[in-house]
Amino acid sequence: MMPRDALIMPLLDTEQIFYASASGAGLLIAVYAMLHGSVRTGRTSGTLTPPPAGFNTPVIGAALIAFGAIGYLFAKYSRLDTIWTVVVAIAAGTVGWVGMTILMARWALRGPLNDPHEDLEELQGTVAIVTRAIAASALGEISYDFRGKPSRARARSIDGVPIPEGTEVVIDMITDDVASVELWSVVEARL
């Protein structure tokens with residue numbers, strides 16, 4: 001009869017658990033980066049700043065995934081000593097780090113983070129106050145808050161109807177620094 005301990009074979013040894021844990025931590029960090037992004041809010045309201053290309057959550061996640069996965073495979077299937085497995089895993093983590101750094105620097109972080117077209121789209125639907133009356137054939141002026149900052153713009157009525165000073169309007173779009181607006185009461189009735 002076989003002893004009970006001989007029947008229970010350990011599925012993983014300590015080295016394999018270490019590498020599997022490192023790879024799992026890298027996956028968690030990568031999922032966090034995927035869900036939350038890696039762009040930080042700047043010091044001034046409404047500005048975005050890119051993280052350093054070589055030190056951010058996607059880079060750290062990729063390095064840990066590569067380190068853990070390659071280390072685990074070498075620990076489980078190779079006959080290398082532990083020290084050589086660590087060296088190979090560190091080399092794989094370095095390749096993952098460098099590869100993701102290049103990807104982030106050349107692709108993900110290359111463009112401007114504050115796209116003016118996105119700002120114009122975000123302004124659509126913003127409620128504003130007419131500060132200078134809008135005539136049927138002449139521009140007026142509106143004031144509104146955008147990302148916590150008071151702003152002003154020249155404005156025209158979408159339907160050509162005069163709008164008196166102090167009236168609430170909704171910005172439809174801004175073209176050539178002139179806002180096309182509609183009465184808030186008209187928009188509210190459609191809702």
# chains A, B, ... in the order shown; residues from 1 in each chain; ligands from 1

call {"tool": "select_by_dssp", "arguments": {"residues": "range 117-159 of chain A", "states": "strand (DSSP E or B)", "output": "ChimeraX atom specification"}}
result
/A:127-132,134,140-146,149-157

call {"tool": "residues_around", "arguments": {"residues": "Asp145 in chain A", "least_positions_apart": "4", "cutoff": "12 Å", "atoms": "only C-alpha atoms", "output": "list in words"}}
result
Gly46, Glu122, Leu123, Thr126, Val127, Ala128, Ile129, Lys149, Pro150, Ser151, Arg152, Ala153 and Ile171 of chain A

call {"tool": "closest_residue", "arguments": {"among": "A:Leu80, A:Val95, A:Met100, A:Ala25", "to": "Leu64 in chain A", "atoms": "only C-alpha atoms"}}
result
A:Ala25

call {"tool": "residues_around", "arguments": {"residues": "Arg154 in chain A", "least_positions_apart": "3", "cutoff": "12 Å", "atoms": "only C-alpha atoms", "output": "PyMOL selection string"}}
result
chain A and resi 128-135+138-144+151+157+171+173-181

call {"tool": "write_last_selection", "arguments": {"atoms": "C-alpha atoms", "output": "PDB file, in the first residue's frame"}}
result
ATOM      1  CA  ALA A 128     -25.149  79.144 -22.032  1.00  0.00           C
ATOM      2  CA  ILE A 129     -26.517  82.605 -21.206  1.00  0.00           C
ATOM      3  CA  VAL A 130     -26.883  85.299 -23.857  1.00  0.00           C
ATOM      4  CA  THR A 131     -24.756  88.234 -22.660  1.00  0.00           C
ATOM      5  CA  ARG A 132     -25.299  90.424 -25.747  1.00  0.00           C
ATOM      6  CA  ALA A 133     -28.595  90.094 -27.604  1.00  0.00           C
ATOM      7  CA  ILE A 134     -28.563  87.995 -30.770  1.00  0.00           C
ATOM      8  CA  ALA A 135     -30.365  89.713 -33.652  1.00  0.00           C
ATOM      9  CA  ALA A 138     -26.264  90.158 -36.385  1.00  0.00           C
ATOM     10  CA  LEU A 139     -24.126  88.163 -34.010  1.00  0.00           C
ATOM     11  CA  GLY A 140     -24.554  88.368 -30.276  1.00  0.00           C
ATOM     12  CA  GLU A 141     -22.507  86.897 -27.451  1.00  0.00           C
ATOM     13  CA  ILE A 142     -22.932  84.039 -24.987  1.00  0.00           C
ATOM     14  CA  SER A 143     -21.153  83.014 -21.802  1.00  0.00           C
ATOM     15  CA  TYR A 144     -20.825  79.453 -20.513  1.00  0.00           C
ATOM     16  CA  SER A 151     -15.847  81.282 -21.434  1.00  0.00           C
ATOM     17  CA  SER A 157     -29.432  81.821 -33.595  1.00  0.00           C
ATOM     18  CA  ILE A 171     -24.845  75.399 -27.933  1.00  0.00           C
ATOM     19  CA  MET A 173     -21.924  73.723 -32.530  1.00  0.00           C
ATOM     20  CA  ILE A 174     -19.077  76.191 -32.823  1.00  0.00           C
ATOM     21  CA  THR A 175     -17.713  76.985 -36.276  1.00  0.00           C
ATOM     22  CA  ASP A 176     -15.053  79.627 -36.914  1.00  0.00           C
ATOM     23  CA  ASP A 177     -15.348  80.775 -33.280  1.00  0.00           C
ATOM     24  CA  VAL A 178     -19.074  81.484 -33.667  1.00  0.00           C
ATOM     25  CA  ALA A 179     -21.535  79.395 -31.657  1.00  0.00           C
ATOM     26  CA  SER A 180     -24.803  78.327 -33.234  1.00  0.00           C
ATOM     27  CA  VAL A 181     -27.349  78.315 -30.419  1.00  0.00           C
TER      28      VAL A 181
END

call {"tool": "atom_distance", "arguments": {"atom1": "CA of Leu27 in chain A", "atom2": "CA of Trp97 in chain A"}}
result
13.9 Å

call {"tool": "closest_residue", "arguments": {"among": "A:Thr101, A:Thr167, A:Thr82, A:Asn56", "to": "Ala33 in chain A", "atoms": "only C-alpha atoms"}}
result
A:Asn56

call {"tool": "select_by_dssp", "arguments": {"residues": "range 7-187 of chain A", "states": "helix (DSSP H, G or I)", "output": "CSV table (one decimal) with C-alpha atoms, in the first residue's frame"}}
result
chain,number,residue,atom,x,y,z
A,7,LEU,CA,-0.4,9.9,-3.7
A,14,THR,CA,7.5,27.3,-5.0
A,15,GLU,CA,9.4,28.6,-8.1
A,16,GLN,CA,6.5,27.9,-10.4
A,17,ILE,CA,4.1,29.6,-8.0
A,18,PHE,CA,6.4,32.7,-7.8
A,19,TYR,CA,6.4,33.0,-11.6
A,20,ALA,CA,2.7,32.3,-12.0
A,21,SER,CA,2.0,35.0,-9.4
A,22,ALA,CA,4.2,37.5,-11.2
A,23,SER,CA,2.4,36.8,-14.5
A,24,GLY,CA,-1.0,37.1,-12.7
A,25,ALA,CA,0.0,40.4,-11.2
A,26,GLY,CA,1.0,41.6,-14.6
A,27,LEU,CA,-2.3,40.6,-16.0
A,28,LEU,CA,-4.2,42.5,-13.3
A,29,ILE,CA,-2.1,45.6,-13.9
A,30,ALA,CA,-2.7,45.3,-17.7
A,31,VAL,CA,-6.5,45.0,-17.1
A,32,TYR,CA,-6.4,48.0,-14.8
A,33,ALA,CA,-4.6,50.0,-17.5
A,34,MET,CA,-7.1,48.8,-20.1
A,35,LEU,CA,-10.1,49.9,-18.0
A,36,HIS,CA,-8.6,53.1,-16.5
A,57,THR,CA,1.0,50.7,-16.0
A,58,PRO,CA,0.9,49.1,-19.4
A,59,VAL,CA,4.7,48.8,-19.5
A,60,ILE,CA,4.9,47.4,-15.9
A,61,GLY,CA,2.1,44.9,-16.8
A,62,ALA,CA,3.8,43.7,-20.0
A,63,ALA,CA,7.2,43.3,-18.1
A,64,LEU,CA,5.6,41.2,-15.4
A,65,ILE,CA,3.6,39.1,-17.8
A,66,ALA,CA,6.7,38.3,-19.8
A,67,PHE,CA,8.8,37.7,-16.7
A,68,GLY,CA,6.3,35.4,-15.1
A,69,ALA,CA,5.2,33.5,-18.2
A,70,ILE,CA,8.7,32.7,-19.5
A,71,GLY,CA,10.0,32.1,-15.9
A,72,TYR,CA,7.1,29.7,-15.3
A,73,LEU,CA,7.7,27.8,-18.5
A,74,PHE,CA,11.4,27.5,-17.9
A,75,ALA,CA,10.9,26.5,-14.2
A,76,LYS,CA,8.4,23.8,-15.2
A,77,TYR,CA,9.8,22.3,-18.4
A,82,THR,CA,17.2,28.3,-10.7
A,83,ILE,CA,19.7,31.1,-11.2
A,84,TRP,CA,19.6,30.6,-15.0
A,85,THR,CA,15.8,30.5,-15.0
A,86,VAL,CA,15.8,33.8,-13.2
A,87,VAL,CA,18.3,35.3,-15.7
A,88,VAL,CA,16.1,34.1,-18.6
A,89,ALA,CA,12.9,35.4,-16.9
A,90,ILE,CA,14.6,38.8,-16.3
A,91,ALA,CA,15.7,38.9,-20.0
A,92,ALA,CA,12.1,38.2,-21.0
A,93,GLY,CA,10.7,40.9,-18.7
A,94,THR,CA,13.2,43.3,-20.1
A,95,VAL,CA,12.1,42.5,-23.7
A,96,GLY,CA,8.5,43.0,-22.6
A,97,TRP,CA,9.4,46.3,-20.9
A,98,VAL,CA,11.2,47.6,-24.0
A,99,GLY,CA,8.6,46.3,-26.4
A,100,MET,CA,5.7,48.0,-24.6
A,101,THR,CA,7.8,51.2,-24.1
A,102,ILE,CA,8.3,51.4,-27.8
A,103,LEU,CA,4.7,50.7,-28.5
A,104,MET,CA,3.5,53.4,-26.0
A,105,ALA,CA,6.0,56.0,-27.2
A,106,ARG,CA,5.4,55.5,-31.0
A,107,TRP,CA,1.7,54.6,-31.1
A,108,ALA,CA,-0.3,55.2,-28.0
A,116,PRO,CA,-9.7,70.7,-30.2
A,117,HIS,CA,-12.3,68.7,-32.2
A,118,GLU,CA,-13.1,66.7,-29.1
A,119,ASP,CA,-13.5,70.0,-27.2
A,120,LEU,CA,-16.0,71.2,-29.8
A,121,GLU,CA,-18.0,67.9,-29.6
A,122,GLU,CA,-18.0,68.1,-25.8
A,123,LEU,CA,-19.3,71.7,-26.0
A,184,TRP,CA,-33.2,76.2,-24.0
A,185,SER,CA,-37.0,76.2,-23.8
A,186,VAL,CA,-37.2,74.7,-27.4
A,187,VAL,CA,-34.6,72.0,-26.6

call {"tool": "atom_distance", "arguments": {"atom1": "CA of Leu183 in chain A", "atom2": "CA of Pro164 in chain A"}}
result
10.4 Å
